[in-house]
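**Q** Hey, dropping query-v2.cif in here, mmCIF, C-alpha atoms:
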data_work
#
loop_
_atom_site.label_atom_id
_atom_site.label_comp_id
_atom_site.auth_asym_id
_atom_site.auth_seq_id
_atom_site.Cartn_x
_atom_site.Cartn_y
_atom_site.Cartn_z
CA MET Q 1 0.00 0.00 0.00
CA THR Q 2 1.37 3.41 -0.97
CA ASP Q 3 1.57 6.32 1.46
CA ALA Q 4 -1.26 8.12 -0.37
CA SER Q 5 -3.50 5.05 -0.18
CA PHE Q 6 -2.74 4.62 3.51
CA ILE Q 7 -3.63 8.26 4.23
CA LEU Q 8 -6.90 7.99 2.28
CA ALA Q 9 -7.79 4.78 4.11
CA LEU Q 10 -6.98 6.39 7.43
CA PHE Q 11 -9.20 9.39 6.72
CA GLY Q 12 -11.93 7.08 5.48
CA ALA Q 13 -11.80 5.07 8.68
CA GLN Q 14 -11.94 8.25 10.73
CA GLY Q 15 -14.93 9.40 8.71
CA VAL Q 16 -16.73 6.15 9.45
CA ASN Q 17 -15.90 6.26 13.14
CA ALA Q 18 -16.90 9.92 13.35
CA SER Q 19 -20.46 9.14 12.26
CA VAL Q 20 -22.47 7.65 15.12
CA ASN Q 21 -26.24 7.32 15.41
CA PHE Q 22 -26.84 7.71 19.14
CA GLN Q 23 -30.56 6.96 18.89
CA ASN Q 24 -29.92 3.55 17.32
CA CYS Q 25 -27.16 2.94 19.84
CA LEU Q 26 -29.47 3.66 22.78
CA GLN Q 27 -32.14 1.44 21.29
CA ASP Q 28 -29.62 -1.44 21.07
CA VAL Q 29 -28.73 -0.88 24.72
CA ARG Q 30 -32.40 -0.98 25.69
CA ASN Q 31 -32.84 -4.23 23.74
CA GLY Q 32 -30.07 -5.83 25.79
CA VAL Q 33 -27.58 -6.17 22.93
CA TRP Q 34 -24.78 -4.90 25.22
CA GLY Q 35 -25.94 -6.58 28.41
CA SER Q 36 -28.03 -5.37 31.31
CA ILE Q 37 -25.43 -3.27 33.12
CA GLY Q 38 -24.71 0.41 32.43
CA GLY Q 39 -28.17 1.86 31.98
CA THR Q 40 -29.08 4.96 34.04
CA ASP Q 41 -31.71 7.66 34.27
CA ASN Q 42 -31.05 11.28 33.23
CA THR Q 43 -29.52 12.08 36.61
CA GLY Q 44 -26.97 9.26 36.34
CA HIS Q 45 -28.54 6.82 38.81
CA PRO Q 46 -28.35 3.13 37.82
CA ILE Q 47 -31.62 1.37 36.96
CA SER Q 48 -32.48 -2.30 37.34
CA ASN Q 49 -34.35 -2.71 34.04
CA ILE Q 50 -32.13 -1.88 31.06
CA SER Q 51 -35.17 -1.36 28.82
CA ASP Q 52 -36.11 1.71 30.91
CA ALA Q 53 -32.74 3.40 30.45
CA THR Q 54 -32.80 7.01 29.30
CA ALA Q 55 -29.01 7.39 29.55
CA ILE Q 56 -25.92 5.19 29.79
CA THR Q 57 -22.57 5.33 31.52
CA TYR Q 58 -19.54 6.69 29.73
CA ASP Q 59 -17.82 3.29 29.58
CA LEU Q 60 -20.88 1.66 28.02
CA CYS Q 61 -21.17 4.58 25.59
CA LEU Q 62 -17.61 3.97 24.34
CA THR Q 63 -18.27 0.25 24.01
CA ALA Q 64 -21.69 0.40 22.37
CA CYS Q 65 -21.51 3.66 20.43
CA GLY Q 66 -17.81 4.32 19.92
CA SER Q 67 -15.88 7.52 20.49
CA GLY Q 68 -17.11 9.42 17.41
CA ALA Q 69 -19.65 12.22 17.13
CA GLU Q 70 -23.15 12.23 15.74
CA PRO Q 71 -23.42 13.35 12.09
CA PHE Q 72 -23.72 17.06 11.43
CA GLN Q 73 -27.36 18.17 11.25
CA TRP Q 74 -27.85 21.04 8.87
CA GLY Q 75 -31.41 21.74 9.98
CA THR Q 76 -30.41 22.37 13.59
CA PHE Q 77 -27.41 24.47 12.56
CA SER Q 78 -29.34 26.64 10.10
CA GLN Q 79 -32.12 27.22 12.63
CA GLN Q 80 -29.71 28.46 15.31
CA PHE Q 81 -27.69 30.45 12.76
CA GLY Q 82 -30.74 32.18 11.35
CA SER Q 83 -32.32 32.77 14.74
CA TRP Q 84 -29.31 34.21 16.56
CA LEU Q 85 -26.15 34.82 14.57
CA LEU Q 86 -27.78 36.83 11.80
CA PRO Q 87 -29.70 39.17 14.16
CA SER Q 88 -26.52 39.65 16.20
CA LEU Q 89 -24.51 40.50 13.10
CA ALA Q 90 -27.19 43.02 12.16
CA LEU Q 91 -26.88 44.49 15.65
CA VAL Q 92 -23.09 44.75 15.31
CA SER Q 93 -23.55 46.94 12.25
CA GLN Q 94 -25.19 49.57 14.47
CA LEU Q 95 -22.07 50.06 16.59
CA PRO Q 96 -20.41 53.48 16.11
CA PHE Q 97 -17.15 53.30 14.19
CA GLY Q 98 -15.62 56.33 12.45
CA THR Q 99 -11.89 55.51 12.36
CA HIS Q 100 -9.76 56.70 9.49
CA ASN Q 101 -9.78 53.46 7.48
CA ILE Q 102 -11.88 50.35 6.90
CA LEU Q 103 -9.32 48.01 8.45
CA GLN Q 104 -9.46 49.85 11.78
CA ASN Q 105 -13.25 49.68 11.72
CA LEU Q 106 -13.07 45.93 11.11
CA LEU Q 107 -10.57 45.51 13.95
CA SER Q 108 -12.87 47.44 16.29
CA VAL Q 109 -15.74 45.07 15.39
CA LEU Q 110 -13.60 41.99 16.04
CA LEU Q 111 -12.31 43.48 19.29
CA THR Q 112 -15.88 44.17 20.43
CA LEU Q 113 -17.04 40.65 19.61
CA GLY Q 114 -13.94 39.10 21.14
CA SER Q 115 -14.02 41.10 24.37
CA PRO Q 116 -17.48 42.04 25.63
CA THR Q 117 -15.89 43.15 28.91
CA LEU Q 118 -13.72 45.72 27.14
CA ALA Q 119 -16.68 46.96 25.09
CA ALA Q 120 -18.81 47.35 28.21
CA PHE Q 121 -15.95 49.01 30.11
CA SER Q 122 -15.48 51.63 27.38
CA LEU Q 123 -19.21 52.40 27.42
CA ALA Q 124 -19.44 52.55 31.22
CA VAL Q 125 -16.36 54.74 31.62
CA THR Q 126 -17.69 57.14 28.97
CA VAL Q 127 -20.96 57.53 30.89
CA LEU Q 128 -19.12 58.00 34.18
CA ASN Q 129 -16.78 60.56 32.62
CA GLY Q 130 -19.76 62.55 31.37
CA ARG Q 131 -21.25 62.66 34.86
CA TRP Q 132 -17.89 63.55 36.41
CA ILE Q 133 -17.15 66.47 34.09
CA ALA Q 134 -20.61 67.94 34.71
CA ARG Q 135 -19.98 67.85 38.48
CA ARG Q 136 -16.40 69.12 38.08
CA PHE Q 137 -17.45 72.31 36.25
CA ARG Q 138 -20.72 72.88 38.11
CA ARG Q 139 -19.36 75.47 40.54
CA ILE Q 140 -17.10 77.31 38.12
CA GLN Q 141 -18.60 80.69 37.27
CA SER Q 142 -17.33 81.58 33.82
CA PRO Q 143 -18.95 82.47 30.48
CA ASN Q 144 -17.09 79.57 28.85
CA THR Q 145 -18.00 76.89 31.38
CA ARG Q 146 -20.93 75.53 29.41
CA ASN Q 147 -19.02 75.41 26.14
CA ALA Q 148 -16.03 73.80 27.85
CA VAL Q 149 -18.19 70.99 29.23
CA LYS Q 150 -19.81 70.37 25.84
CA ALA Q 151 -16.54 70.39 23.94
CA LEU Q 152 -14.57 68.24 26.37
CA SER Q 153 -17.41 65.70 26.68
CA SER Q 154 -17.62 65.41 22.91
CA LEU Q 155 -13.86 64.87 22.64
CA GLN Q 156 -13.79 61.67 24.70
CA GLN Q 157 -13.39 59.67 21.48
CA ALA Q 158 -10.51 61.86 20.27
CA PRO Q 159 -6.79 61.83 21.21
CA LEU Q 160 -7.06 65.24 22.88
CA ILE Q 161 -3.99 67.21 23.92
CA VAL Q 162 -4.37 70.32 26.11
CA THR Q 163 -1.32 72.53 26.41
CA LYS Q 164 0.09 73.51 29.78
CA ASP Q 165 1.32 76.82 28.39
CA ALA Q 166 -0.28 79.51 30.58
CA TYR Q 167 -0.50 82.14 27.83
CA LEU Q 168 -2.25 79.91 25.28
CA LEU Q 169 -4.69 78.17 27.59
CA THR Q 170 -5.61 81.23 29.62
CA SER Q 171 -6.03 83.28 26.45
CA LEU Q 172 -8.48 80.69 25.21
CA LEU Q 173 -10.50 80.95 28.42
CA VAL Q 174 -10.37 84.73 28.95
CA LEU Q 175 -10.13 86.73 25.73
CA PRO Q 176 -13.48 87.82 24.26
CA GLU Q 177 -12.00 87.22 20.81
CA ASN Q 178 -11.95 83.49 21.56
CA GLU Q 179 -15.71 83.23 22.02
CA THR Q 180 -15.81 82.51 18.30
CA TRP Q 181 -13.33 79.65 18.86
CA TRP Q 182 -15.58 78.02 21.46
CA ASN Q 183 -18.70 78.46 19.36
CA GLU Q 184 -16.97 77.09 16.27
CA LEU Q 185 -15.72 74.01 18.10
CA VAL Q 186 -19.05 73.25 19.76
CA VAL Q 187 -20.92 73.63 16.47
CA GLY Q 188 -18.36 71.48 14.65
CA LEU Q 189 -18.85 68.72 17.20
CA ASP Q 190 -22.62 69.03 17.23
CA TYR Q 191 -23.54 66.03 15.11
CA THR Q 192 -25.39 62.94 16.21
CA TYR Q 193 -25.03 59.22 15.76
CA THR Q 194 -28.24 58.03 17.31
CA TRP Q 195 -31.38 56.03 16.68
CA THR Q 196 -32.40 55.32 13.11
CA ILE Q 197 -35.07 53.07 11.63
CA SER Q 198 -32.48 50.38 10.86
CA ALA Q 199 -31.11 50.57 14.42
CA VAL Q 200 -34.57 50.24 15.93
CA ALA Q 201 -35.39 47.33 13.61
CA SER Q 202 -32.17 45.51 14.57
CA VAL Q 203 -32.78 45.94 18.30
CA VAL Q 204 -36.42 44.89 18.03
CA TRP Q 205 -35.43 41.85 15.95
CA VAL Q 206 -33.06 40.59 18.65
CA VAL Q 207 -35.54 41.27 21.47
CA ILE Q 208 -38.39 39.46 19.70
CA ALA Q 209 -36.14 36.52 18.80
CA TYR Q 210 -35.09 36.09 22.43
CA VAL Q 211 -38.67 36.42 23.72
CA PHE Q 212 -39.85 33.81 21.23
CA THR Q 213 -37.01 31.53 22.28
CA VAL Q 214 -38.00 31.73 25.94
CA ILE Q 215 -41.69 31.18 25.13
CA ASP Q 216 -40.89 28.28 22.82
CA SER Q 217 -38.75 26.59 25.45
CA LEU Q 218 -41.63 26.66 27.95
CA GLN Q 219 -43.89 24.68 25.65
CA GLY Q 220 -44.05 20.99 26.61
CA ASP Q 221 -41.44 19.29 28.79
CA ILE Q 222 -38.72 21.85 29.43
CA THR Q 223 -36.26 19.19 30.61
CA GLU Q 224 -36.32 17.56 27.19
CA ALA Q 225 -36.53 20.57 24.90
CA ILE Q 226 -34.56 23.37 26.57
CA SER Q 227 -31.35 22.93 24.58
CA ALA Q 228 -33.15 22.68 21.24
CA HIS Q 229 -34.45 26.26 21.19
CA GLY Q 230 -31.26 28.30 21.60
CA GLN Q 231 -31.43 29.71 25.12
CA GLY Q 232 -27.67 29.27 25.47
CA ILE Q 233 -26.94 31.00 22.17
CA GLY Q 234 -29.43 33.76 22.98
CA SER Q 235 -27.84 34.46 26.35
CA LEU Q 236 -24.36 34.30 24.82
CA TRP Q 237 -25.15 37.23 22.49
CA LEU Q 238 -27.44 39.14 24.82
CA TRP Q 239 -24.61 41.38 26.08
CA LEU Q 240 -24.54 43.06 22.68
CA LEU Q 241 -28.00 44.56 23.21
CA PRO Q 242 -27.12 46.98 26.07
CA ILE Q 243 -23.82 47.88 24.38
CA VAL Q 244 -25.48 48.93 21.13
CA THR Q 245 -28.43 50.69 22.76
CA GLY Q 246 -26.07 52.47 25.16
CA TRP Q 247 -23.93 53.92 22.38
CA LEU Q 248 -26.97 54.87 20.32
CA GLN Q 249 -28.34 56.71 23.33
CA LEU Q 250 -25.04 58.50 24.06
CA SER Q 251 -24.43 59.44 20.42
CA PRO Q 252 -20.60 59.54 20.64
CA LYS Q 253 -18.54 61.86 18.44
CA CYS Q 254 -16.24 59.28 16.86
CA ASP Q 255 -15.98 60.33 13.21
CA SER Q 256 -12.24 60.86 12.86
CA GLN Q 257 -12.48 63.12 9.83
CA ARG Q 258 -15.13 65.39 11.37
CA LEU Q 259 -13.26 65.60 14.67
CA HIS Q 260 -10.06 66.76 13.03
CA GLU Q 261 -11.94 69.14 10.73
CA ALA Q 262 -13.82 70.71 13.66
CA MET Q 263 -10.58 71.22 15.60
CA LYS Q 264 -8.81 72.64 12.56
CA GLN Q 265 -11.56 75.15 11.81
CA ALA Q 266 -11.77 76.25 15.44
CA ASN Q 267 -8.00 76.66 15.82
CA ALA Q 268 -7.95 78.88 12.76
CA GLN Q 269 -9.81 81.46 14.88
CA ALA Q 270 -7.88 81.10 18.15
CA TYR Q 271 -6.33 84.27 19.64
CA THR Q 272 -3.57 84.75 22.17
CA VAL Q 273 -1.52 87.63 23.55
CA LEU Q 274 2.17 88.11 23.94
CA GLU Q 275 3.70 90.29 26.61
CA GLY Q 276 2.73 93.86 25.87
CA SER Q 277 0.86 93.05 22.65
CA GLU Q 278 -2.67 93.14 21.38
CA PRO Q 279 -4.54 89.85 20.79
CA VAL Q 280 -3.21 88.10 17.70
CA LEU Q 281 -4.15 84.91 15.91
CA VAL Q 282 -2.17 81.91 17.11
CA LEU Q 283 -1.55 81.01 13.48
CA ASP Q 284 0.35 84.31 13.08
CA VAL Q 285 2.73 83.53 15.95
CA ARG Q 286 5.76 81.66 14.69
CA GLY Q 287 6.33 78.36 16.47
CA ALA Q 288 3.22 78.66 18.66
CA GLU Q 289 1.16 75.60 19.41
CA HIS Q 290 -2.59 75.49 19.94
CA ALA Q 291 -4.19 75.23 23.36
CA PHE Q 292 -6.35 72.35 22.13
CA SER Q 293 -5.13 69.88 19.52
CA LEU Q 294 -5.54 66.26 18.47
CA ALA Q 295 -2.54 63.95 18.71
CA THR Q 296 -0.96 62.28 15.71
CA TYR Q 297 1.41 59.59 16.97
CA GLU Q 298 2.20 58.38 13.49
CA TYR Q 299 5.34 56.48 14.44
CA ASP Q 300 4.42 55.40 17.97
CA ALA Q 301 3.17 51.80 17.80
CA VAL Q 302 2.50 51.76 21.54
CA ARG Q 303 -0.11 54.54 21.32
CA CYS Q 304 -1.67 53.70 17.95
CA ASP Q 305 -4.93 52.53 19.56
CA GLU Q 306 -5.29 55.94 21.21
CA LEU Q 307 -5.57 57.52 17.77
CA CYS Q 308 -8.46 55.23 16.77
CA THR Q 309 -11.69 57.09 17.40
CA ALA Q 310 -13.89 53.98 17.54
CA THR Q 311 -15.66 53.75 20.89
CA ILE Q 312 -14.08 50.40 21.83
CA TYR Q 313 -10.76 52.25 22.23
CA ASN Q 314 -12.06 54.69 24.85
CA TYR Q 315 -10.15 52.74 27.48
CA THR Q 316 -6.87 53.97 25.92
CA ARG Q 317 -7.90 57.64 26.23
CA PHE Q 318 -9.47 57.42 29.69
CA LEU Q 319 -6.47 58.63 31.72
CA PRO Q 320 -5.04 61.30 29.35
CA TRP Q 321 -8.51 62.70 28.68
CA ALA Q 322 -9.26 63.02 32.41
CA GLN Q 323 -5.92 64.75 32.95
CA SER Q 324 -6.66 67.23 30.15
CA VAL Q 325 -10.06 67.99 31.63
CA GLU Q 326 -8.48 68.62 35.04
CA ILE Q 327 -5.97 71.06 33.51
CA VAL Q 328 -8.78 73.05 31.89
CA ALA Q 329 -10.89 72.97 35.06
CA ARG Q 330 -8.09 74.26 37.29
CA THR Q 331 -7.18 76.99 34.86
CA LEU Q 332 -10.81 78.04 34.48
CA GLU Q 333 -11.25 78.07 38.26
CA ALA Q 334 -8.25 80.34 38.65
CA VAL Q 335 -9.23 82.88 36.00
CA SER Q 336 -12.86 82.93 37.16
CA LEU Q 337 -11.71 84.41 40.48
CA TYR Q 338 -10.76 87.62 38.75
CA SER Q 339 -13.39 90.18 37.79
CA SER Q 340 -12.52 91.69 34.46
CA ASP Q 341 -14.55 94.45 32.88
CA SER Q 342 -12.16 95.64 30.20
CA ILE Q 343 -10.03 94.13 27.52
CA THR Q 344 -6.94 95.69 29.07
CA GLU Q 345 -7.45 93.89 32.34
CA GLU Q 346 -8.09 90.66 30.53
CA LYS Q 347 -4.83 91.03 28.64
CA MET Q 348 -3.01 91.73 31.89
CA LEU Q 349 -4.56 88.65 33.44
CA VAL Q 350 -3.42 86.48 30.57
CA ALA Q 351 0.10 87.88 30.76
CA GLU Q 352 0.44 87.57 34.53
CA TYR Q 353 -1.49 84.39 35.28
CA ARG Q 354 0.50 81.30 36.18
CA PRO Q 355 -0.94 78.20 37.84
CA LYS Q 356 0.26 78.28 41.43
CA GLU Q 357 -1.29 74.95 42.46
CA ALA Q 358 0.62 71.73 42.93
CA PRO Q 359 1.15 69.77 39.69
CA ILE Q 360 -1.76 67.56 38.67
CA GLY Q 361 0.44 64.51 38.29
CA ARG Q 362 -0.25 61.49 36.17
CA TRP Q 363 -3.73 60.71 37.56
CA ALA Q 364 -6.64 63.12 37.61
CA PRO Q 365 -8.91 63.08 40.69
CA GLY Q 366 -11.47 60.28 40.83
CA VAL Q 367 -10.11 58.18 37.95
CA TRP Q 368 -9.60 55.08 40.08
CA SER Q 369 -13.12 55.09 41.49
CA ARG Q 370 -14.56 55.43 38.00
CA PHE Q 371 -12.20 52.70 36.81
CA PHE Q 372 -13.41 50.22 39.42
CA VAL Q 373 -17.09 51.07 38.93
CA ALA Q 374 -16.79 50.69 35.14
CA SER Q 375 -14.89 47.42 35.56
CA SER Q 376 -17.56 46.04 37.90
CA ILE Q 377 -20.32 46.96 35.46
CA ALA Q 378 -18.44 45.40 32.53
CA LEU Q 379 -17.69 42.15 34.36
CA SER Q 380 -21.29 41.91 35.59
CA LEU Q 381 -22.60 42.28 32.05
CA GLN Q 382 -20.09 39.79 30.66
CA TRP Q 383 -20.74 37.02 33.14
CA GLY Q 384 -24.42 37.80 33.57
CA THR Q 385 -24.94 36.84 29.92
CA THR Q 386 -22.02 34.58 28.95
CA GLY Q 387 -22.10 32.94 32.37
CA ALA Q 388 -25.82 32.28 31.98
CA ALA Q 389 -25.16 30.65 28.60
CA ILE Q 390 -22.53 28.40 30.16
CA MET Q 391 -24.83 27.39 32.99
CA ILE Q 392 -27.73 26.72 30.61
CA ASN Q 393 -25.64 24.32 28.55
CA TYR Q 394 -23.99 22.75 31.58
CA TYR Q 395 -27.24 21.90 33.33
CA THR Q 396 -29.26 21.07 30.22
CA PRO Q 397 -30.07 17.34 29.91
CA THR Q 398 -29.38 15.63 26.63
CA VAL Q 399 -31.82 16.38 23.83
CA GLY Q 400 -34.54 13.80 23.24
CA GLU Q 401 -33.26 10.21 23.50
CA LEU Q 402 -29.55 10.96 23.14
CA PRO Q 403 -27.46 9.37 25.93
CA THR Q 404 -25.91 11.47 28.67
CA HIS Q 405 -22.12 11.22 28.78
#
What do you get writing this file as structure tokens?

**A**
Amino acid sequence: MTDASFILALFGAQGVNASVNFQNCLQDVRNGVWGSIGGTDNTGHPISNISDATAITYDLCLTACGSGAEPFQWGTFSQQFGSWLLPSLALVSQLPFGTHNILQNLLSVLLTLGSPTLAAFSLAVTVLNGRWIARRFRRIQSPNTRNAVKALSSLQQAPLIVTKDAYLLTSLLVLPENETWWNELVVGLDYTYTWTISAVASVVWVVIAYVFTVIDSLQGDITEAISAHGQGIGSLWLWLLPIVTGWLQLSPKCDSQRLHEAMKQANAQAYTVLEGSEPVLVLDVRGAEHAFSLATYEYDAVRCDELCTATIYNYTRFLPWAQSVEIVARTLEAVSLYSSDSITEEKMLVAEYRPKEAPIGRWAPGVWSRFFVASSIALSLQWGTTGAAIMINYYTPTVGELPTH
């Protein structure tokens, strides 16, 4: 026999052994073909009459049925695929993307499907950040407080950099000429990614499919039919529902092109002052940087995820974004203590102001509490759905007359 013939014979033998009809096997056991020992009920307790067996021991299963698997059943597969995988894929299409290329969008989808905990963490920390920034700026009395909260909240999906240069940042917060900058930025970021007819249809489709699955499983004997209706698969994908609805409700600003365009148009109208000078455009000052800008770490592989504006990557921007917000809040608190009724006084304030507080450090206040709360929410969602799917399949008795191993 040649090597090729041996390989083909080996695969053929495996194909034969892999096809086992468990129903016929159990019937042979009940007829006494394999003796009267080894029959059990569905809970694994031995029975005296082999003809009443609803399950068999593992050793008898190997002897009577072999070690192969039952043939693939297309009807069962297509039913589960059509009932659960297709609706879930439709739901995935409603996730907000917006990165600069298609490959990054695809990677964000795969990362979301592969790590529900990370997807839930990014959503939870975004919600908690929004609540924190509203509380952080609540007591600051300044004309730009409202715009600052709107702009900074909308930039959670962007690699935001806030300068620590006192002239630039304070100019942005004090000079009347920069009111146009704030208005331009807020308007540029004022676009929505929220509920549409297709999004509603996808969510309703998944909800109805799961409700029908639960109702269908309660018809007849639940101990015999529970695994045939997809409760495990339904629970496995159920985490996707709150993730998608949460992002649709938040309407994140994650379109990379629009974020950069909004920042570029706003910075074109940013003013600052130099010592003893009138307000001038920052663009006219040689070598000057902008108070607000978006990072471009083109050659930094470690921080490449931070540049991706898809919502799944919010975890990478959590700490630097919170630090930037704290810088703006402290500066705005300091300048709001001064009463300024004239442009001259405002220019003097910009020229003389220097932050006198202790350095912020690497961690902004409250980041660890938000981190632990978001992590708890994410883990609860992950194991409340995936864990339920595992338990359903673990405690589900064998379908119909198939033997319990």

**Q** Exactly which residues make up the result of the PyMOL selection byres ((chain Q and resi 154-168) around 6) on this file, given as a list in words?

**A** Ala151, Leu152, Ser153, Leu169, Thr170, Ser171, Lys253, Cys254, Thr272, Ala291, Phe292, Ser293, Leu294, Ala295, Leu307, Thr309, Ser324, Val350 and Arg354 of chain Q

**Q** Please report the interatomic distance between atom CA of Thr385 of chain Q and atom CA of Leu111 of chain Q in Å with one decimal.

**A**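 Answer for the atom CA of Thr385 of chain Q to atom CA of Leu111 of chain Q separation: 17.8 Å.
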
**Q** Choose the residue, out of Q:Leu128, Q:Asn144, Q:His45, Q:Pro96, that has the smallest atom-to-atom separation from Thr331 of chain Q; count all atoms listed in the file.

**A**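 Of the candidates, the smallest distance to Thr331 of chain Q is held by Q:Asn144.
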
**Q** Can you turn the PyMOL selection byres ((chain Q and resi 267) around 8) into a concrete residue list for this file, as a PDB file with C-alpha atoms, in the coordinates of the input?

**A**
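Saved file out_32.pdb follows:
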ATOM      1  CA  TRP Q 181     -13.330  79.650  18.860  1.00  0.00           C
ATOM      2  CA  MET Q 263     -10.580  71.220  15.600  1.00  0.00           C
ATOM      3  CA  LYS Q 264      -8.810  72.640  12.560  1.00  0.00           C
ATOM      4  CA  GLN Q 265     -11.560  75.150  11.810  1.00  0.00           C
ATOM      5  CA  ALA Q 266     -11.770  76.250  15.440  1.00  0.00           C
ATOM      6  CA  ALA Q 268      -7.950  78.880  12.760  1.00  0.00           C
ATOM      7  CA  GLN Q 269      -9.810  81.460  14.880  1.00  0.00           C
ATOM      8  CA  ALA Q 270      -7.880  81.100  18.150  1.00  0.00           C
ATOM      9  CA  VAL Q 282      -2.170  81.910  17.110  1.00  0.00           C
ATOM     10  CA  HIS Q 290      -2.590  75.490  19.940  1.00  0.00           C
ATOM     11  CA  PHE Q 292      -6.350  72.350  22.130  1.00  0.00           C
TER      12      PHE Q 292
END

**Q** Might you spell out which residues the PyMOL selection byres ((chain Q and resi 43) around 10) would select in the displayed file, as a tab-separated table (two decimals) with C-alpha atoms, in the coordinates of the input?

**A**
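Below is the file that was written, part-v2.tsv:
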chain	number	residue	atom	x	y	z
Q	40	THR	CA	-29.08	4.96	34.04
Q	41	ASP	CA	-31.71	7.66	34.27
Q	42	ASN	CA	-31.05	11.28	33.23
Q	44	GLY	CA	-26.97	9.26	36.34
Q	45	HIS	CA	-28.54	6.82	38.81
Q	46	PRO	CA	-28.35	3.13	37.82
Q	54	THR	CA	-32.80	7.01	29.30
Q	55	ALA	CA	-29.01	7.39	29.55
Q	397	PRO	CA	-30.07	17.34	29.91
Q	404	THR	CA	-25.91	11.47	28.67

**Q** Could you check the closest approach to Trp363 of chain Q for each of Q:Ile327, Q:Ala119, Q:Val335, Q:Leu319 and tell me which residue wins, using all atoms listed in the file?

**A** Q:Leu319

**Q** Pick the closest to Val33 of chain Q from Q:Ala388, Q:Ile243, Q:Leu185, Q:Ala64: which is it, counting only C-alpha atoms?

**A** Q:Ala64

**Q** Can you work out which one of Q:Val109, Q:Val280, Q:Ala148, Q:Ala90 has the shortest atom-to-atom distance to Ala134 of chain Q, counting only C-alpha atoms?

**A**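 Smallest distance to Ala134 of chain Q is found for Q:Ala148.
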
**Q** Taking all atoms listed in the file into account, which of Q:Leu173, Q:Val186, Q:Val244, Q:Val203 comes nearest Leu332 of chain Q?

**A**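 Of Q:Leu173, Q:Val186, Q:Val244, Q:Val203, the one nearest Leu332 of chain Q is Q:Leu173, counting all atoms listed in the file.
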
**Q** Show which residues sit within 9 Å of Ser108 of chain Q, as a PyMOL selection string. Count only C-alpha atoms, and ignore same-chain residues fewer than 2 positions away.

**A** chain Q and resi 97+103-106+110-113+308+310-313

**Q** Go ahead and compute the interatomic distance for atom CA of Gln231 of chain Q and atom CA of Ala389 of chain Q, in Å to one decimal.

**A**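 Interatomic distance here is 7.2 Å.
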
**Q** For Arg362 of chain Q, which residue among Q:Ser78, Q:Asn49, Q:Gln323, Q:Ser376 is the nearest when counting all atoms listed in the file?

**A**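 Selected residue with least distance to Arg362 of chain Q: Q:Gln323.
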
**Q** Could you work out how far atom CA of Leu86 of chain Q lies from atom CA of Tyr210 of chain Q, giving the answer in Å with one decimal?

**A**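 Computing the Euclidean distance for atom CA of Tyr210 of chain Q and atom CA of Leu86 of chain Q yields 12.9 Å.
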
**Q** Find the residues around Ile377 of chain Q up to 9 Å (all atoms listed in the file counted), leave out those fewer than 2 positions away in its own chain, and share them as a ChimeraX atom specification.

**A** /Q:117,120-121,124,372-375,379-382
